[in-house]
$ cat query17.pdb   # PDB, C-alpha atoms and all ligand atoms
ATOM      1  CA  MET A   1      17.837  22.408  47.260
ATOM      2  CA  MET A   2      19.786  19.357  48.396
ATOM      3  CA  THR A   3      18.324  17.217  51.182
ATOM      4  CA  SER A   4      20.062  14.728  53.424
ATOM      5  CA  ASP A   5      17.393  12.054  53.727
ATOM      6  CA  PRO A   6      19.033   9.051  55.444
ATOM      7  CA  MET A   7      16.975   6.674  53.252
ATOM      8  CA  THR A   8      18.324   8.348  50.134
ATOM      9  CA  SER A   9      21.882   8.260  51.486
ATOM     10  CA  ALA A  10      21.643   4.575  52.366
ATOM     11  CA  SER A  11      20.303   3.536  48.969
ATOM     12  CA  ALA A  12      22.800   5.786  47.195
ATOM     13  CA  SER A  13      25.667   3.634  48.491
ATOM     14  CA  THR A  14      24.407   0.636  46.510
ATOM     15  CA  SER A  15      23.471   2.398  43.270
ATOM     16  CA  ALA A  16      25.669   3.975  40.595
ATOM     17  CA  PRO A  17      27.202   7.319  41.574
ATOM     18  CA  VAL A  18      25.490  10.364  40.121
ATOM     19  CA  PRO A  19      27.904  11.911  37.590
ATOM     20  CA  THR A  20      29.102  15.395  38.417
ATOM     21  CA  PRO A  21      27.872  17.770  35.683
ATOM     22  CA  SER A  22      30.746  19.047  33.590
ATOM     23  CA  VAL A  23      31.522  22.755  33.685
ATOM     24  CA  LEU A  24      31.246  24.007  30.130
ATOM     25  CA  GLY A  25      33.775  26.622  29.071
ATOM     26  CA  ALA A  26      32.862  29.709  27.064
ATOM     27  CA  ASP A  27      33.887  28.055  23.765
ATOM     28  CA  ALA A  28      31.564  25.114  24.432
ATOM     29  CA  ILE A  29      28.709  27.480  25.306
ATOM     30  CA  ARG A  30      29.221  29.557  22.153
ATOM     31  CA  GLY A  31      29.499  26.431  20.007
ATOM     32  CA  PHE A  32      26.704  24.504  21.689
ATOM     33  CA  THR A  33      24.647  22.281  19.404
ATOM     34  CA  PRO A  34      21.259  22.146  21.083
ATOM     35  CA  PRO A  35      19.642  18.704  21.081
ATOM     36  CA  SER A  36      16.071  18.969  19.778
ATOM     37  CA  ASN A  37      13.606  19.524  22.616
ATOM     38  CA  CYS A  38      16.446  20.320  25.063
ATOM     39  CA  LEU A  39      14.144  22.873  26.730
ATOM     40  CA  ASP A  40      11.142  20.580  26.849
ATOM     41  CA  GLY A  41       9.195  20.950  30.092
ATOM     42  CA  LYS A  42      10.805  24.267  30.957
ATOM     43  CA  THR A  43       8.999  27.553  31.462
ATOM     44  CA  ILE A  44      11.170  30.522  30.528
ATOM     45  CA  LEU A  45      10.435  34.232  30.904
ATOM     46  CA  VAL A  46      12.080  36.597  28.399
ATOM     47  CA  THR A  47      12.019  40.357  28.975
ATOM     48  CA  GLY A  48      11.996  42.604  25.923
ATOM     49  CA  ALA A  49      10.570  39.673  23.977
ATOM     50  CA  GLY A  50       8.814  41.806  21.365
ATOM     51  CA  SER A  51      11.796  42.781  19.224
ATOM     52  CA  GLY A  52      15.534  42.487  18.694
ATOM     53  CA  ILE A  53      17.500  39.746  20.449
ATOM     54  CA  GLY A  54      14.666  39.056  22.923
ATOM     55  CA  ARG A  55      12.225  38.246  20.117
ATOM     56  CA  VAL A  56      14.594  35.749  18.543
ATOM     57  CA  ALA A  57      15.471  34.221  21.934
ATOM     58  CA  ALA A  58      11.762  33.731  22.671
ATOM     59  CA  LEU A  59      11.147  32.052  19.289
ATOM     60  CA  THR A  60      14.240  29.888  19.732
ATOM     61  CA  TYR A  61      13.369  28.768  23.260
ATOM     62  CA  ALA A  62       9.916  27.784  21.980
ATOM     63  CA  LYS A  63      11.491  25.898  19.079
ATOM     64  CA  TYR A  64      13.465  23.803  21.565
ATOM     65  CA  GLY A  65      10.371  22.928  23.559
ATOM     66  CA  ALA A  66       9.994  25.612  26.215
ATOM     67  CA  THR A  67       6.824  27.372  27.249
ATOM     68  CA  VAL A  68       7.807  31.011  26.850
ATOM     69  CA  LEU A  69       6.458  33.925  28.871
ATOM     70  CA  LEU A  70       6.740  37.035  26.732
ATOM     71  CA  LEU A  71       7.322  40.182  28.796
ATOM     72  CA  GLY A  72       7.621  43.561  27.131
ATOM     73  CA  LYS A  73       6.384  47.091  26.758
ATOM     74  CA  THR A  74       4.549  47.047  23.424
ATOM     75  CA  LEU A  75       1.585  44.670  23.374
ATOM     76  CA  SER A  76       1.302  44.464  19.578
ATOM     77  CA  LYS A  77       4.914  43.261  19.298
ATOM     78  CA  LEU A  78       4.364  40.592  21.962
ATOM     79  CA  GLU A  79       1.199  39.458  20.174
ATOM     80  CA  ALA A  80       3.138  39.074  16.926
ATOM     81  CA  VAL A  81       5.749  36.887  18.671
ATOM     82  CA  TYR A  82       2.952  34.866  20.293
ATOM     83  CA  ASP A  83       1.461  34.251  16.839
ATOM     84  CA  ASP A  84       4.839  33.313  15.359
ATOM     85  CA  ILE A  85       5.367  30.719  18.110
ATOM     86  CA  GLU A  86       1.908  29.301  17.500
ATOM     87  CA  GLN A  87       2.440  29.137  13.731
ATOM     88  CA  ALA A  88       5.759  27.351  14.218
ATOM     89  CA  GLY A  89       4.011  24.686  16.295
ATOM     90  CA  GLY A  90       5.528  25.729  19.643
ATOM     91  CA  LYS A  91       3.847  25.392  23.000
ATOM     92  CA  GLN A  92       1.294  28.093  23.723
ATOM     93  CA  ALA A  93       3.132  31.171  24.996
ATOM     94  CA  ALA A  94       1.895  33.733  27.518
ATOM     95  CA  ILE A  95       1.914  37.496  27.099
ATOM     96  CA  LEU A  96       2.952  39.654  30.059
ATOM     97  CA  PRO A  97       2.742  43.338  29.110
ATOM     98  CA  LEU A  98       4.832  45.374  31.542
ATOM     99  CA  ASP A  99       6.668  48.665  31.210
ATOM    100  CA  LEU A 100       9.837  48.180  33.235
ATOM    101  CA  GLN A 101      10.347  51.919  33.437
ATOM    102  CA  THR A 102       7.120  52.601  35.317
ATOM    103  CA  ALA A 103       6.262  49.244  36.947
ATOM    104  CA  SER A 104       6.294  49.315  40.737
ATOM    105  CA  PHE A 105       7.558  46.553  42.997
ATOM    106  CA  ALA A 106       3.903  45.739  43.745
ATOM    107  CA  ASP A 107       3.210  45.368  40.000
ATOM    108  CA  MET A 108       6.056  42.893  39.772
ATOM    109  CA  GLN A 109       4.831  40.941  42.795
ATOM    110  CA  GLN A 110       1.426  40.739  41.128
ATOM    111  CA  LEU A 111       3.098  39.433  37.987
ATOM    112  CA  ALA A 112       4.911  36.771  40.040
ATOM    113  CA  ASN A 113       1.576  35.759  41.588
ATOM    114  CA  VAL A 114       0.027  35.341  38.147
ATOM    115  CA  ILE A 115       2.934  33.181  36.994
ATOM    116  CA  GLU A 116       2.695  31.066  40.144
ATOM    117  CA  THR A 117      -1.039  30.544  39.658
ATOM    118  CA  GLU A 118      -0.731  29.688  35.966
ATOM    119  CA  PHE A 119       2.570  27.792  35.883
ATOM    120  CA  GLY A 120       3.581  26.973  39.475
ATOM    121  CA  THR A 121       7.259  27.256  38.741
ATOM    122  CA  LEU A 122       9.755  29.078  36.573
ATOM    123  CA  ASP A 123      12.837  27.388  35.113
ATOM    124  CA  GLY A 124      14.483  30.258  33.315
ATOM    125  CA  LEU A 125      14.625  34.044  33.348
ATOM    126  CA  LEU A 126      16.336  35.947  30.523
ATOM    127  CA  HIS A 127      16.810  39.599  31.447
ATOM    128  CA  ASN A 128      17.127  41.043  27.970
ATOM    129  CA  ALA A 129      15.147  44.322  27.882
ATOM    130  CA  ALA A 130      17.245  47.456  27.987
ATOM    131  CA  ILE A 131      17.432  50.996  26.659
ATOM    132  CA  LEU A 132      20.487  52.819  25.368
ATOM    133  CA  GLY A 133      19.885  56.294  26.767
ATOM    134  CA  ALA A 134      22.260  59.011  25.621
ATOM    135  CA  LEU A 135      25.817  58.674  24.355
ATOM    136  CA  THR A 136      27.294  61.753  25.948
ATOM    137  CA  PRO A 137      29.852  62.773  28.579
ATOM    138  CA  LEU A 138      28.799  62.167  32.183
ATOM    139  CA  GLU A 139      29.456  65.841  32.865
ATOM    140  CA  MET A 140      26.423  66.784  30.770
ATOM    141  CA  TYR A 141      24.330  63.614  31.112
ATOM    142  CA  ASP A 142      20.641  64.471  31.527
ATOM    143  CA  ILE A 143      19.419  63.341  34.973
ATOM    144  CA  ASP A 144      15.979  62.179  33.783
ATOM    145  CA  THR A 145      17.569  60.025  31.103
ATOM    146  CA  PHE A 146      20.060  58.704  33.646
ATOM    147  CA  GLU A 147      17.243  57.624  35.971
ATOM    148  CA  LYS A 148      15.265  55.988  33.157
ATOM    149  CA  VAL A 149      18.228  53.962  31.958
ATOM    150  CA  MET A 150      19.155  52.825  35.454
ATOM    151  CA  GLN A 151      15.506  51.935  36.162
ATOM    152  CA  VAL A 152      14.957  49.793  33.049
ATOM    153  CA  ASN A 153      18.429  48.278  32.796
ATOM    154  CA  SER A 154      19.257  47.565  36.429
ATOM    155  CA  THR A 155      16.691  48.508  39.127
ATOM    156  CA  ALA A 156      13.825  46.704  37.371
ATOM    157  CA  VAL A 157      16.157  43.767  36.702
ATOM    158  CA  PHE A 158      16.885  43.530  40.421
ATOM    159  CA  MET A 159      13.220  43.851  41.435
ATOM    160  CA  LEU A 160      12.030  41.283  38.913
ATOM    161  CA  THR A 161      14.723  38.834  39.973
ATOM    162  CA  GLN A 162      13.810  39.236  43.627
ATOM    163  CA  VAL A 163      10.066  38.666  43.154
ATOM    164  CA  LEU A 164      10.651  35.653  40.882
ATOM    165  CA  LEU A 165      13.267  33.943  43.072
ATOM    166  CA  PRO A 166      10.757  31.791  44.995
ATOM    167  CA  LEU A 167       9.387  30.435  41.689
ATOM    168  CA  LEU A 168      12.875  29.889  40.284
ATOM    169  CA  LYS A 169      13.835  27.988  43.432
ATOM    170  CA  ASN A 170      10.903  25.645  42.773
ATOM    171  CA  ALA A 171      12.578  24.565  39.538
ATOM    172  CA  ALA A 172      14.974  21.635  39.515
ATOM    173  CA  ASN A 173      17.728  23.748  37.920
ATOM    174  CA  GLY A 174      16.694  27.389  37.747
ATOM    175  CA  SER A 175      18.752  29.556  35.387
ATOM    176  CA  ILE A 176      18.883  33.353  35.535
ATOM    177  CA  VAL A 177      20.653  35.045  32.628
ATOM    178  CA  PHE A 178      21.442  38.760  32.703
ATOM    179  CA  THR A 179      22.340  40.592  29.506
ATOM    180  CA  THR A 180      25.447  42.688  29.698
ATOM    181  CA  SER A 181      27.601  44.498  27.169
ATOM    182  CA  SER A 182      31.301  45.052  26.557
ATOM    183  CA  VAL A 183      30.944  48.324  28.504
ATOM    184  CA  GLY A 184      29.618  46.322  31.475
ATOM    185  CA  SER A 185      33.103  45.159  32.349
ATOM    186  CA  GLN A 186      35.204  47.874  30.705
ATOM    187  CA  PRO A 187      33.979  51.427  31.374
ATOM    188  CA  ARG A 188      34.013  53.460  28.167
ATOM    189  CA  ALA A 189      33.829  57.226  27.735
ATOM    190  CA  PHE A 190      30.463  58.620  26.552
ATOM    191  CA  TRP A 191      28.509  55.407  27.279
ATOM    192  CA  GLY A 192      27.140  56.997  30.471
ATOM    193  CA  ALA A 193      24.207  55.393  32.269
ATOM    194  CA  TYR A 194      24.078  52.434  29.861
ATOM    195  CA  ALA A 195      27.612  51.375  30.844
ATOM    196  CA  LEU A 196      26.927  51.966  34.551
ATOM    197  CA  SER A 197      23.668  49.987  34.388
ATOM    198  CA  LYS A 198      25.442  47.025  32.793
ATOM    199  CA  GLN A 199      28.189  47.183  35.440
ATOM    200  CA  ALA A 200      25.435  46.989  38.055
ATOM    201  CA  VAL A 201      23.979  43.935  36.308
ATOM    202  CA  GLU A 202      27.331  42.141  36.272
ATOM    203  CA  GLY A 203      27.759  42.899  39.975
ATOM    204  CA  MET A 204      24.218  41.688  40.672
ATOM    205  CA  SER A 205      24.921  38.369  38.982
ATOM    206  CA  ALA A 206      28.128  37.900  41.000
ATOM    207  CA  ILE A 207      26.470  38.737  44.330
ATOM    208  CA  PHE A 208      23.408  36.549  43.684
ATOM    209  CA  THR A 209      25.789  33.720  42.777
ATOM    210  CA  GLN A 210      27.728  34.035  46.028
ATOM    211  CA  GLU A 211      24.556  34.312  48.095
ATOM    212  CA  THR A 212      22.778  31.276  46.642
ATOM    213  CA  LYS A 213      25.340  28.791  45.361
ATOM    214  CA  ASN A 214      25.616  26.767  48.572
ATOM    215  CA  THR A 215      21.937  26.643  49.401
ATOM    216  CA  THR A 216      20.050  26.420  46.101
ATOM    217  CA  ALA A 217      20.272  24.808  42.666
ATOM    218  CA  LEU A 218      20.005  28.238  41.041
ATOM    219  CA  ARG A 219      22.636  29.563  38.666
ATOM    220  CA  PHE A 220      23.206  33.172  37.637
ATOM    221  CA  ASN A 221      25.244  34.145  34.594
ATOM    222  CA  CYS A 222      25.691  37.125  32.289
ATOM    223  CA  ILE A 223      25.658  36.959  28.520
ATOM    224  CA  ASN A 224      27.255  39.588  26.301
ATOM    225  CA  PRO A 225      25.867  39.257  22.763
ATOM    226  CA  GLY A 226      28.430  41.666  21.293
ATOM    227  CA  ALA A 227      27.679  43.778  18.233
ATOM    228  CA  THR A 228      24.338  42.523  16.897
ATOM    229  CA  ARG A 229      22.029  43.691  14.099
ATOM    230  CA  THR A 230      19.179  45.316  16.061
ATOM    231  CA  ASN A 231      17.537  48.709  16.496
ATOM    232  CA  MET A 232      19.648  49.433  19.567
ATOM    233  CA  ARG A 233      22.876  48.852  17.678
ATOM    234  CA  ALA A 234      21.678  51.027  14.786
ATOM    235  CA  HIS A 235      21.007  53.883  17.204
ATOM    236  CA  ALA A 236      24.412  53.520  18.848
ATOM    237  CA  TYR A 237      26.310  53.274  15.540
ATOM    238  CA  PRO A 238      24.188  55.080  12.919
ATOM    239  CA  GLY A 239      26.886  55.027  10.221
ATOM    240  CA  GLU A 240      27.588  51.324  10.418
ATOM    241  CA  ASP A 241      26.611  48.856   7.699
ATOM    242  CA  PRO A 242      24.276  46.433   9.523
ATOM    243  CA  ARG A 243      25.174  43.676   7.059
ATOM    244  CA  THR A 244      28.602  43.466   8.712
ATOM    245  CA  LEU A 245      27.030  42.434  12.012
ATOM    246  CA  LYS A 246      25.931  39.105  13.426
ATOM    247  CA  THR A 247      22.183  38.642  13.560
ATOM    248  CA  PRO A 248      20.418  37.580  16.769
ATOM    249  CA  GLU A 249      19.854  34.172  15.128
ATOM    250  CA  ASP A 250      23.643  33.722  14.807
ATOM    251  CA  LEU A 251      23.998  33.919  18.596
ATOM    252  CA  MET A 252      21.284  31.575  19.779
ATOM    253  CA  ALA A 253      23.530  28.593  20.619
ATOM    254  CA  GLY A 254      24.790  30.423  23.705
ATOM    255  CA  TYR A 255      21.335  31.627  24.701
ATOM    256  CA  VAL A 256      19.906  28.105  24.520
ATOM    257  CA  CYS A 257      22.888  26.534  26.262
ATOM    258  CA  LEU A 258      22.576  28.783  29.326
ATOM    259  CA  MET A 259      18.907  27.819  29.700
ATOM    260  CA  SER A 260      19.409  24.106  29.089
ATOM    261  CA  ASP A 261      20.549  21.523  31.615
ATOM    262  CA  ALA A 262      23.850  21.277  29.734
ATOM    263  CA  SER A 263      24.908  24.383  31.672
ATOM    264  CA  ILE A 264      23.788  23.463  35.177
ATOM    265  CA  ALA A 265      27.368  23.614  36.464
ATOM    266  CA  VAL A 266      28.024  27.032  34.914
ATOM    267  CA  GLN A 267      27.546  29.815  37.417
ATOM    268  CA  GLY A 268      28.769  33.332  38.048
ATOM    269  CA  GLN A 269      30.218  33.617  34.531
ATOM    270  CA  VAL A 270      30.176  36.419  31.975
ATOM    271  CA  ILE A 271      29.872  34.713  28.603
ATOM    272  CA  ASP A 272      31.083  36.843  25.718
ATOM    273  CA  LEU A 273      29.431  35.540  22.551
ATOM    274  CA  GLN A 274      31.751  37.461  20.208
ATOM    275  CA  PRO A 275      35.126  37.691  21.944
ATOM    276  CA  LYS A 276      37.757  39.818  20.239
ATOM    277  CA  SER A 277      40.488  37.494  18.965
TER
HETATM  278  N1  LIG A 301      22.457  44.877  19.871
HETATM  279  C1  LIG A 301      23.688  44.914  20.343
HETATM  280  O1  LIG A 301      24.669  45.148  19.594
HETATM  281  C2  LIG A 301      23.930  44.640  21.808
HETATM  282  C3  LIG A 301      25.282  44.578  22.257
HETATM  283  C4  LIG A 301      25.518  44.313  23.598
HETATM  284  C5  LIG A 301      24.459  44.130  24.471
HETATM  285  N2  LIG A 301      23.151  44.206  24.010
HETATM  286  C6  LIG A 301      22.084  43.988  24.958
HETATM  287  O2  LIG A 301      21.203  43.013  24.434
HETATM  288  C7  LIG A 301      19.866  43.236  24.920
HETATM  289  C8  LIG A 301      18.887  43.296  23.765
HETATM  290  O3  LIG A 301      19.285  44.388  22.960
HETATM  291  P1  LIG A 301      18.688  44.639  21.493
HETATM  292  O4  LIG A 301      19.834  45.091  20.686
HETATM  293  O5  LIG A 301      17.846  43.493  21.063
HETATM  294  O6  LIG A 301      17.791  45.910  21.800
HETATM  295  P2  LIG A 301      16.437  46.436  21.093
HETATM  296  O7  LIG A 301      16.390  45.976  19.702
HETATM  297  O8  LIG A 301      16.415  47.901  21.361
HETATM  298  O9  LIG A 301      15.297  45.699  21.937
HETATM  299  C9  LIG A 301      15.136  46.032  23.305
HETATM  300  C10 LIG A 301      13.912  45.348  23.847
HETATM  301  O10 LIG A 301      13.707  45.812  25.199
HETATM  302  C11 LIG A 301      12.359  46.229  25.330
HETATM  303  N3  LIG A 301      12.189  47.318  26.268
HETATM  304  C12 LIG A 301      12.756  48.547  26.208
HETATM  305  N4  LIG A 301      12.296  49.313  27.205
HETATM  306  C13 LIG A 301      11.416  48.563  27.900
HETATM  307  C14 LIG A 301      10.588  48.815  29.019
HETATM  308  N5  LIG A 301      10.551  50.010  29.622
HETATM  309  N6  LIG A 301       9.803  47.811  29.480
HETATM  310  C15 LIG A 301       9.803  46.608  28.867
HETATM  311  N7  LIG A 301      10.564  46.318  27.799
HETATM  312  C16 LIG A 301      11.348  47.296  27.304
HETATM  313  C17 LIG A 301      11.954  46.684  23.942
HETATM  314  O11 LIG A 301      10.541  46.668  23.832
HETATM  315  P3  LIG A 301       9.791  47.684  22.827
HETATM  316  O12 LIG A 301      10.243  47.270  21.459
HETATM  317  O13 LIG A 301       8.342  47.415  23.088
HETATM  318  O14 LIG A 301      10.239  49.055  23.217
HETATM  319  C18 LIG A 301      12.651  45.663  23.064
HETATM  320  O15 LIG A 301      11.865  44.492  22.957
HETATM  321  C19 LIG A 301      19.955  44.519  25.742
HETATM  322  O16 LIG A 301      20.087  44.199  27.111
HETATM  323  C20 LIG A 301      21.208  45.196  25.235
HETATM  324  O17 LIG A 301      21.753  46.044  26.202
HETATM  325  C21 LIG A 301      22.882  44.460  22.700
END

$ encode --input "query17.pdb" --output "structure tokens" --more "lines below"
Ligand SMILES: NC(=O)c1ccc[n+]([C@@H]2O[C@H](COP(=O)([O-])OP(=O)(O)OC[C@H]3O[C@@H](n4cnc5c(N)ncnc54)[C@H](OP(=O)(O)O)[C@@H]3O)[C@@H](O)[C@H]2O)c1
Amino acid sequence: MMTSDPMTSASASTSAPVPTPSVLGADAIRGFTPPSNCLDGKTILVTGAGSGIGRVAALTYAKYGATVLLLGKTLSKLEAVYDDIEQAGGKQAAILPLDLQTASFADMQQLANVIETEFGTLDGLLHNAAILGALTPLEMYDIDTFEKVMQVNSTAVFMLTQVLLPLLKNAANGSIVFTTSSVGSQPRAFWGAYALSKQAVEGMSAIFTQETKNTTALRFNCINPGATRTNMRAHAYPGEDPRTLKTPEDLMAGYVCLMSDASIAVQGQVIDLQPKS
């Protein structure tokens, strides 16, 4: 939050002007070359950190100096990522087992309290966890599946963001990154609740941006990884040769950039990591 301390204002007139951070475009974010330790001193929470893109993002954030809080459903997977970070010489991570499908708002508040007690602040939040649900016409979409997908992919994302906002505001430059999909901006037949949940996430990012940009140093953005070699992609496209797809590792420049201070002037954007040419 900016302050208008008259002492600061007076001394500012005699010292060098603070440079305005440059607004990186999508190409610069995709092609970012992370300086080593560019996330040093930052604490970053990654949801769905046990596998897929979230696992690689967690390992990568640790590689660039962050303390990573590993949130996910399956404890054994989180423990394996914790061990990998330790073996690579990263800062000690923290494991936060939480099922986003069943967690209540009170559970999330408790989680925020634990983070506050242990870390005091939170610099970054990567909302990565999601489920695919069914690929079927809306006319016959199963209601239970619909509710589960909306809960994990958008309601829990909203609740977690809300409970963590006070900690993110404590950070000098808090960054919240939502994960969207191509169907988050372009509705597509048969993608059902998954598409609707990602549209909700894109709307959430835009509204949070408008509501906070004049009063906080927070920034909210969406990242669309595009077709990526993970379990989710294999379920959505069972006949596809996974070797034709980018790996999560291929996409990490953008993920690091949005958490680093290089992107502090980027807000309210949807960054497509594999735009169609
Ligand atoms: N892969 C693609 O081609 C692609 C394209 C566009 C967008 N995306 C988006 O990218 C993100 C990552 O996708 P991915 O491909 O890496 O998916 P993934 O391989 O299926 O991994 C999803 C992660 O979310 C976690 N998760 C699922 N349900 C959860 C719950 N109830 N509570 C807590 N964690 C839960 C999973 O944990 P468990 O392993 O413990 O279940 C897993 O770690 C998603 O938001 C997805 O929508 C992916």

$ residues_around --input "query17.pdb" --residues "segment 76-78 of chain A" --least-positions-apart "3" --cutoff "8 Å" --atoms "only C-alpha atoms" --output "list in words"
Ala49, Gly50, Ser51, Leu70, Leu71, Gly72, Val81, Tyr82, Ile95 and Pro97 of chain A

$ write_last_selection --input "query17.pdb" --atoms "C-alpha atoms" --output "mmCIF file, in the coordinates of the input"
data_model
loop_
_atom_site.group_PDB
_atom_site.id
_atom_site.type_symbol
_atom_site.label_atom_id
_atom_site.label_comp_id
_atom_site.auth_asym_id
_atom_site.auth_seq_id
_atom_site.Cartn_x
_atom_site.Cartn_y
_atom_site.Cartn_z
ATOM 1 C CA ALA A 49 10.570 39.673 23.977
ATOM 2 C CA GLY A 50 8.814 41.806 21.365
ATOM 3 C CA SER A 51 11.796 42.781 19.224
ATOM 4 C CA LEU A 70 6.740 37.035 26.732
ATOM 5 C CA LEU A 71 7.322 40.182 28.796
ATOM 6 C CA GLY A 72 7.621 43.561 27.131
ATOM 7 C CA VAL A 81 5.749 36.887 18.671
ATOM 8 C CA TYR A 82 2.952 34.866 20.293
ATOM 9 C CA ILE A 95 1.914 37.496 27.099
ATOM 10 C CA PRO A 97 2.742 43.338 29.110
#

$ closest_residue --input "query17.pdb" --among "A:Met259, A:Ala26, A:Ile143, A:Ala206" --to "Val46 of chain A" --atoms "only C-alpha atoms"
A:Met259

$ atom_distance --input "query17.pdb" --atom1 "atom CA of Ser197 of chain A" --atom2 "atom CA of Cys257 of chain A"
24.8 Å

$ axis_aligned_box --input "query17.pdb" --around "ligand LIG 301 (chain A)" --padding-each-side "6 Å" --output "lines of an AutoDock Vina configuration file"
center_x = 16.9
center_y = 46.5
center_z = 24.6
size_x = 29.2
size_y = 19.0
size_z = 22.0

$ closest_atom_pairs --input "query17.pdb" --of "chain A" --to "ligand LIG 301 (chain A)" --cutoff "7 Å" --atoms "all atoms listed in the file" --output "JSON lines"
{"residue": "A:Thr47", "atom": "CA", "partner": "A:LIG301", "partner_atom": "N7", "distance": 6.2}
{"residue": "A:Gly48", "atom": "CA", "partner": "A:LIG301", "partner_atom": "O15", "distance": 3.5}
{"residue": "A:Ala49", "atom": "CA", "partner": "A:LIG301", "partner_atom": "O15", "distance": 5.1}
{"residue": "A:Gly50", "atom": "CA", "partner": "A:LIG301", "partner_atom": "O15", "distance": 4.4}
{"residue": "A:Ser51", "atom": "CA", "partner": "A:LIG301", "partner_atom": "O15", "distance": 4.1}
{"residue": "A:Gly52", "atom": "CA", "partner": "A:LIG301", "partner_atom": "O5", "distance": 3.5}
{"residue": "A:Ile53", "atom": "CA", "partner": "A:LIG301", "partner_atom": "O5", "distance": 3.8}
{"residue": "A:Gly54", "atom": "CA", "partner": "A:LIG301", "partner_atom": "O5", "distance": 5.8}
{"residue": "A:Arg55", "atom": "CA", "partner": "A:LIG301", "partner_atom": "O15", "distance": 6.9}
{"residue": "A:Leu71", "atom": "CA", "partner": "A:LIG301", "partner_atom": "C15", "distance": 6.9}
{"residue": "A:Gly72", "atom": "CA", "partner": "A:LIG301", "partner_atom": "N7", "distance": 4.1}
{"residue": "A:Lys73", "atom": "CA", "partner": "A:LIG301", "partner_atom": "C15", "distance": 4.0}
{"residue": "A:Thr74", "atom": "CA", "partner": "A:LIG301", "partner_atom": "O13", "distance": 3.8}
{"residue": "A:Lys77", "atom": "CA", "partner": "A:LIG301", "partner_atom": "O13", "distance": 6.6}
{"residue": "A:Leu98", "atom": "CA", "partner": "A:LIG301", "partner_atom": "C15", "distance": 5.8}
{"residue": "A:Asp99", "atom": "CA", "partner": "A:LIG301", "partner_atom": "N6", "distance": 3.7}
{"residue": "A:Leu100", "atom": "CA", "partner": "A:LIG301", "partner_atom": "N6", "distance": 3.8}
{"residue": "A:Gln101", "atom": "CA", "partner": "A:LIG301", "partner_atom": "N5", "distance": 4.3}
{"residue": "A:Asn128", "atom": "CA", "partner": "A:LIG301", "partner_atom": "O16", "distance": 4.4}
{"residue": "A:Ala129", "atom": "CA", "partner": "A:LIG301", "partner_atom": "O10", "distance": 3.4}
{"residue": "A:Ala130", "atom": "CA", "partner": "A:LIG301", "partner_atom": "O16", "distance": 4.4}
{"residue": "A:Ile131", "atom": "CA", "partner": "A:LIG301", "partner_atom": "C12", "distance": 5.3}
{"residue": "A:Leu132", "atom": "CA", "partner": "A:LIG301", "partner_atom": "O17", "distance": 6.9}
{"residue": "A:Val152", "atom": "CA", "partner": "A:LIG301", "partner_atom": "N5", "distance": 5.6}
{"residue": "A:Thr179", "atom": "CA", "partner": "A:LIG301", "partner_atom": "O16", "distance": 4.9}
{"residue": "A:Thr180", "atom": "CA", "partner": "A:LIG301", "partner_atom": "C5", "distance": 5.5}
{"residue": "A:Ser181", "atom": "CA", "partner": "A:LIG301", "partner_atom": "C4", "distance": 4.1}
{"residue": "A:Ser182", "atom": "CA", "partner": "A:LIG301", "partner_atom": "C4", "distance": 6.5}
{"residue": "A:Asn224", "atom": "CA", "partner": "A:LIG301", "partner_atom": "C5", "distance": 5.6}
{"residue": "A:Pro225", "atom": "CA", "partner": "A:LIG301", "partner_atom": "C4", "distance": 5.1}
{"residue": "A:Gly226", "atom": "CA", "partner": "A:LIG301", "partner_atom": "C3", "distance": 4.4}
{"residue": "A:Ala227", "atom": "CA", "partner": "A:LIG301", "partner_atom": "O1", "distance": 3.6}
{"residue": "A:Thr228", "atom": "CA", "partner": "A:LIG301", "partner_atom": "O1", "distance": 3.8}
{"residue": "A:Arg229", "atom": "CA", "partner": "A:LIG301", "partner_atom": "N1", "distance": 5.9}
{"residue": "A:Thr230", "atom": "CA", "partner": "A:LIG301", "partner_atom": "O7", "distance": 4.6}
{"residue": "A:Asn231", "atom": "CA", "partner": "A:LIG301", "partner_atom": "O7", "distance": 4.4}
{"residue": "A:Met232", "atom": "CA", "partner": "A:LIG301", "partner_atom": "O8", "distance": 4.0}
{"residue": "A:Arg233", "atom": "CA", "partner": "A:LIG301", "partner_atom": "O1", "distance": 4.5}

$ closest_residue --input "query17.pdb" --among "A:Val256, A:Pro35, A:Asn170, A:Thr102" --to "Lys148 of chain A" --atoms "only C-alpha atoms"
A:Thr102

$ residues_around --input "query17.pdb" --residues "Glu86 of chain A" --least-positions-apart "6" --cutoff "12 Å" --atoms "only C-alpha atoms" --output "list in words"
Ala58, Leu59, Ala62, Lys63, Thr67, Val68, Glu79, Ala80, Gln92, Ala93 and Ala94 of chain A

$ write_last_selection --input "query17.pdb" --atoms "C-alpha atoms" --output "PDB file, in the frame of the given file"
ATOM      1  CA  ALA A  58      11.762  33.731  22.671  1.00  0.00           C
ATOM      2  CA  LEU A  59      11.147  32.052  19.289  1.00  0.00           C
ATOM      3  CA  ALA A  62       9.916  27.784  21.980  1.00  0.00           C
ATOM      4  CA  LYS A  63      11.491  25.898  19.079  1.00  0.00           C
ATOM      5  CA  THR A  67       6.824  27.372  27.249  1.00  0.00           C
ATOM      6  CA  VAL A  68       7.807  31.011  26.850  1.00  0.00           C
ATOM      7  CA  GLU A  79       1.199  39.458  20.174  1.00  0.00           C
ATOM      8  CA  ALA A  80       3.138  39.074  16.926  1.00  0.00           C
ATOM      9  CA  GLN A  92       1.294  28.093  23.723  1.00  0.00           C
ATOM     10  CA  ALA A  93       3.132  31.171  24.996  1.00  0.00           C
ATOM     11  CA  ALA A  94       1.895  33.733  27.518  1.00  0.00           C
TER      12      ALA A  94
END

$ resolve_selection --input "query17.pdb" --expression "the PyMOL selection byres (((chain A and resi 208) around 12) and not hetatm)" --output "ChimeraX atom specification"
/A:158,161-162,165,175-178,201-207,209-216,218-222,267-269
